[in-house]
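Heads up: the structure comes next, in structure tokens.
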Amino acid sequence: MLSLVTFLPLAGGLFIFLAIRNPATAKRFALGISLLTFLLSLRLYTGFDTASAEFQFLEESAWLPAFGIAYRMGVDGISLPFVLLTTLLTPICLLGSWESIKERVREYMMAFLALESFVVGVFCALDFVVFYILWEAMLIPMFLIIGVWGGPRRVYAALKFFLYTLAGSVLMLIAILALGVKAGTFDIRALMDLPLSINFQVWVFLAFFASFAVKVPMWPVHTWLPDAHVEAPTAGSVILAGILLKMGAYGFIRFSLPMLPDASHFFTPFIFGLSLVAVVYTALVALMQTDLKKLVAYSSVSHMGFVTIGLFTFNQQGIEGGLLQMVNHGVVSGALFLLVGVVYDRLHTREIARFGGLVHPMPVYAVIFMIFTMASVGLPGTNGFVGEFLILLGAFLHNKAVAAVAATGLVLGAAYMLWMFKKVVFGEVVHADVRGLQDLTTRELLLFAPLLVLVFWMGLYPGPFLEVMHASVDNLITQTTVQKAAGAAAAMAMH
Amino acid sequence: MSKNLLIVLLPLAGSLITGLLGRRLGNRLSQLVTIAGVGLAMLISIQVFLAVAVGEAPVIHEPVFSWIVSGDFQVAFALLIDRLTAVMLIVVTGVSTMVHIYSVGYMAEDPDQPRFFSYLSLFTFAMLVLVTGDNFLQLFFGWEGVGLASYLLIGFWFKKESACNAAIKAFLVNRVGDFGFALGIFAIFMVFGTLDYQQVFHMAATGQFPPTVDFLFWGPVDTITLICLLLFVGAMGKSAQLGLHTWLPDAMEGPTPVSALIHAATMVTAGVFMVCRASPLFELSETALAVVTIVGALTAFFAATVGLVQNDIKRVIAYSTCSQLGYMFFAAGVSAYAAAMFHLMTHAFFKALLFLGAGAVINAMHHEQDMRRMGGLKAKIPITYALMMIGTLALTGFPFLAGFYSKDAILESAFAAHTATGTFAWTLGILAAVMTTFYSFRLVFMTFHGRPADRHAWDHAHEAPWSIRAPLLVLALGAVFAGWIGMPLVGEGWFGPGVFVAAGHDALAHSHHVSAWVKWLPFGMFLIGLGLAWYLYIKNPNLPPAMAEVWAGTYRFLANAWYFDRLYDTLFVGPAKAIGRGLWKTGDETIIDGYGVNGLAATCVRLARRMGRAQTGYVYHYAFAMLVGVLVLATWYG
């Protein structure tokens with residue numbers, strides 16, 4: 001089941017490569033495949049036992065037994081939401097590129113389907129080597145999407161993106177190998193129980209950190225993100241913000257916290273410090289942006305700062321808030337990038353000053369934009385609130401000062417979002433070409449419909465989303481309270 | 001689903017229907033749907049009020065559904081109607097219904113009516129959620145919800161730059177307050193492990209909490225004081241208390257019915273309601289009560305001084321609202337919660353009446369709001385004049401009208417508290433009472449008396465249609481009788497378990513027995529204020545401009561509202577922008593990208609080379625093949 005969800009898109013991409021020549025057919029086929037994948041992934045949700053903290057839908061087959069490497073797949077309450085988010089956003093991305101991508105359509109569709117496979121695979125992988133291969137593999141289609149279908153400075157942006165992530169990947173690989181050699185297996189579940197000395201934990205943590213921090217991205221390794229977003233095509237931005245940014249935080253919660261609990265505790269002040277800087281710093285920077293997409297990109301960094309704070313609170317509220325906020329951010333910033341894309345398709349500019357008064361020609365657009373703006377601001381009733389509130393609550397229980405500083409993000413976030421909204425949507429029409437703009441088409445409305453549902457569903461009745469996480473997060477908290485270093489010392493003494 | 005739940009759901013339904021289908025429904029149907037929604041909610045509210053508040057029916061407490069569950073953190077949506085809530089229900093649904101009806105006439109020429117009515121009903125819904133909650137998070141839901149509605153309605157005429165800016169300002173200043181409020185909620189959960197009113201209040205009353213907690217750099221602080229002060233920061237934002245008041249005058253950019261409903265009668269009183277609701281906590285902290293008293297008293301005084309010199313008819317009433325909210329807070333601060341709620345109720349009627357009356361004047365004068373261009377209107381719009389006069393008399397405490405009972409109850413309580421802060425509040429309250437009378441009659445005299453300043457506009461002034469006058473009449477009845485009818489509210493223990501007063505905090509009980517001079521002093525102040533206003537604006541209308549020239553410094557200080565806006569611009573807005581630009585241009589582009597990324601890239605390449613030589617494992621070949629592949633493809637397509 002998991003392998004099917006994971007590799008169906010890749011198979012679809014191969015089929016396009018081999019058998020489909022017509023771009024229009026390729027488009028429809030790719031959308032069909034991604035929708036089918038989404039429907040299949042829903043079966044994962046319905047078949048998921050929320051009472052269990054164990055990995056479910058397990059699959060295991062031998063690969064390189066000599067090295068303890070095997071094809072191991074499974075999901076728990078921490079990874080399942082991201083699998084679903086990926087399978088939901090991919091068809092939205094494909095539909096979103098329906099008209100804006102006119103060249104190399106087949107290749108574009110293949111890249112997206114491959115990306116979906118790799119990303120889902122990353123979330124499902126229970127073997128570190130499989131994980132690493134997919135983790136690196138997913139960079140290729142992402143790199144291509146930016147580098148081939150991006151804006152004028154796409155090569156610069158793509159290289160910056162690539163260099164940043166490569167630096168971290170190398171270190172992560174070393175850490176993975178070290179862990180695997182020590183344990184004699186690359187089975188992630190086994191590694192979670194492996195006693196490790198504090199010294200070892202610290203080094204591995206730092207190596208992981210180098211990779212994950214870039215992906216989150218945490219301050220100060222965030223500068224690739226605005227450039228990558230600005231140059232990426234709309235759907236590229238959506239998948240980048242919606243899914244790829246989740247990889248870093250997912251890495252922290254999947255590996256760093258349970259495998260390296262002592263180091264995680266040790267580095268918590270450091271993580272908090274960087275996250276708080278991210279929340280405040282990037283919010284201030286967002287305040288001054290003149291490019292709409294850059295503003296949303298900076299807001300992403302600020303919001304992801306909340307996420308990392310939540311994950312390192314080591315309590316149920318903070319971690320579940322962090323996980324929920326990751327999903328929220330995928331939904332909301334994905335939608336915001338789509339909204340930017342809608343006007344970019346029409347006016348071919350992202351300068352905030354070039355808009356103004358969009359509400360007059362595009363009232364439906366304005367309403368939808370308003371809803372996602374409010375979700376981004378974290379208004380109660382929208383999903384943004386539940387995530388942010390739980391994170392801040394968890395942070396308060398852990399360290400009041402962190403919560404107090406992070407909460408200033410509530411004010412700053414509202415400042416830049418509302419200011420941007422006013423400049424873009426409200427006011428008189430200043431530029432003549434804005435006057436004749438067409439409101440959202442049915443296709444565009446279809447893009448937003450599922451995201452709108454999620455905004456309110458998760459905001460008003462987040463139960464089904466949180467329930468999936470409870471058991472796994474509970475288990476994770478137990479894992480982080482175990483002192484592995486002490487266990488390691490005891491093991492040493494016995495030798 | 002119980003019938004009581006409909007109180008909350010009907011306005012929501014009205015809002016959603018007109019919001020989603022407004023264009024198809026058209027103006028008339030949109031009005032009907034929303035008015036039906038809030039009107040029915042009002043009828044049910046009255047029925048509930050009669051049962052719970054007039055009769056002896058038990059408190060209504062119904063769970064609705066579970067909202068957020070995470071570990072031991074659990075909150076639900078619920079419906080809690082005790083006497084405290086019942087009073088709010090009447091005020092909110094009553095004024096809202098009147099404002100909806102009034103808007104039919106007032107907004108008749110606006111092209112966007114469905115949107116307007118949808119927002120009004122959305123506001124009503126959020127306000128009802130706020131007052132019916134049984135826990136602090138539902139309160140916060142409504143709290144932010146009314147903030148959203150306020151933002152949308154202030155910016156209703158979004159073509160106007162000033163309206164958009166005022167809307168953003170309102171949202172942001174409130175967010176500053178909510179920052180404190182949110183921390184207060186976190187602190188409550190940390191200390192009590194729940195956000196449920198009943199449990200929190202029970203544990204607080206029985207002392208089940210640590211006496212001190214560490215907070216930021218202050219070290220150990222009194223637990224309850226901390227919680228109360230944090231909550232109060234939120235109340236200061238929402239209820240426009242000194243320091244966080246700057247958004248309220250600007251909020252007058254919104255259509256006048258909005259000013260009446262949201263920025264006078266209901267939303268801005270949410271802070272007062274919250275303090276009364278949380279009285280079991282506030283009562284345990286003398287410090288918090290003292291802060292509430294002082295801030296309230298200062299606001300009452302400050303806003304009254306600024307109201308003296310405003311020329312925009314709506315701004316005068318806005319500052320008056322700010323000032324009256326100050327009265328309510330210092331009443332709560334001296335533990336006279338019942339008096340605060342009483343004034344909240346009467347104020348809702350006469351202030352809505354004044355605002356809607358001002359709207360009728362503005363309507364008559366073709367959207368003129370500057371009182372210096374009015375004058376002599378009583379001959380042209382006598383009914384509006386009479387109604388405005390009733391509102392003014394009720395506000396200024398003319399005997400036996402609404403404000404006479406409630407404001408006197410507050411002042412007498414402050415006097416009877418016999419504490420330093422109580423006496424401080426009483427003194428400022430008495431001074432503010434003179435000013436209240438002065439600026440209120442100044443408004444009436446400048447608008448309705450004297451000679452018309454703009455002859456042309458005066459000639460074309462006309463009485464408003466009945467849809468505007470009818471709600472005014474209903475509110476005028478309230479302004480006349482609400483005080484007399486509402487007297488039981490300040491009777492001992494009327495609010496039952498809804499409001500808690502600690503032993504020894506008997507200001508309200510003692511207020512009934514203060515000396516006669518204390519009882520009659522406010523009326524003396526009324527006479528002084530009225531006399532001054534008459535002398536300056538009827539007898540010698542040339543004197544005020546001359547005085548403004550002689551005391552130019554003082555005049556500018558008051559006219560600019562003590563320079564709060566300028567102060568905040570210099571302190572916060574300017575620096576935030578400068579820092580933002582600095583971080584972006586210097587931090588991101590010069591330092592991180594300029595030095596960092598180049599350095600990182602170099603290190604990266606170096607590291608990769610060294611690794612490549614050192615290790616020849618299978619995985620590394622893979623990684624490198626991948627990198628090469630990427631570069632080839634990028635070169636190909638790029």
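Please note that chains go A, B, ... in the order of the structure tokens, that every chain numbers its residues from 1, and that ligands are numbered from 1 in the order shown.
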
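Residue-level contacts from chain B to chain A at 6 Å, counting only C-alpha atoms, read Trp67, Ser70, Gly71, Phe141, Phe158, Lys159, Arg175, Phe186, Leu216, Gly580, Arg581, Trp584, Cys604, Tyr637 and Gly638 of chain B.
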
message: I need the strand (DSSP E or B) residues of segment 26-67 of chain B per DSSP on the backbone, written as JSON, numbers by chain.
response: {"B": [60, 61, 62, 63, 64, 65, 66, 67]}

message: Considering only alpha helix (DSSP H) as DSSP defines it on the backbone, what residues of segment 180-396 of chain B qualify? List them as a PyMOL selection string.
response: chain B and resi 180-192+197-205+223-238+247-250+256-260+270-277+279-282+286-307+313-333+337-364+382-396

- request: Would you kindly return, as a VMD selection string, each protein, DNA or RNA residue with an atom no farther than 10 Å from any atom of Leu89 of chain B, considering only C-alpha atoms and excluding same-chain residues fewer than 4 positions away?
  value: chain B and resid 7 to 8 41 to 42 44 to 46 48 to 49 81 83 to 85 93 to 95 127 to 128 131 to 132

message: So that I can check the surroundings of segment 456-460 of chain B, please list as number ranges by chain every protein, DNA and RNA residue that reaches within 10 Å of it, counting only C-alpha atoms and ignoring chain neighbours fewer than 6 positions away.
response: B: 364-366, 368, 373-377, 379-380

message: Need the shell around segment 519-533 of chain B: protein/DNA/RNA residues with any atom at most 10 Å away, counting only C-alpha atoms. Skip same-chain ones fewer than 4 positions apart. Format as a PyMOL selection string?
response: chain B and resi 393+396-399+404+407-409+411-412+429-446+511-515+537-541

message: Need the shell around Ala278 of chain A: protein/DNA/RNA residues with any atom at most 7 Å away, counting only C-alpha atoms. Skip same-chain ones fewer than 5 positions apart. Format as number ranges by chain?
response: A: 218-219, 301-302, 305

query: Counting only C-alpha atoms, what is within 10 Å of segment 29-40 of chain B, bar same-chain residues fewer than 2 positions away, as a PyMOL selection string?
result: chain B and resi 6-19+21-27+42-46+92-101+103-104+113-122+124-125

message: So the first atom is atom CA of Gly254 of chain B and the second is atom CA of Leu153 of chain B; what is the distance between them in Å, to one decimal place?
response: 6.0 Å

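Here the question is which of A:Gly96, A:Ala19, A:Ser256, A:Val120 gets nearest to Leu4 of chain A using only C-alpha atoms, and that residue is A:Val120.
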
message: What does the structure give for the distance between atom CA of Leu179 of chain A and atom CA of Trp203 of chain A, in Å to one decimal?
response: 10.8 Å
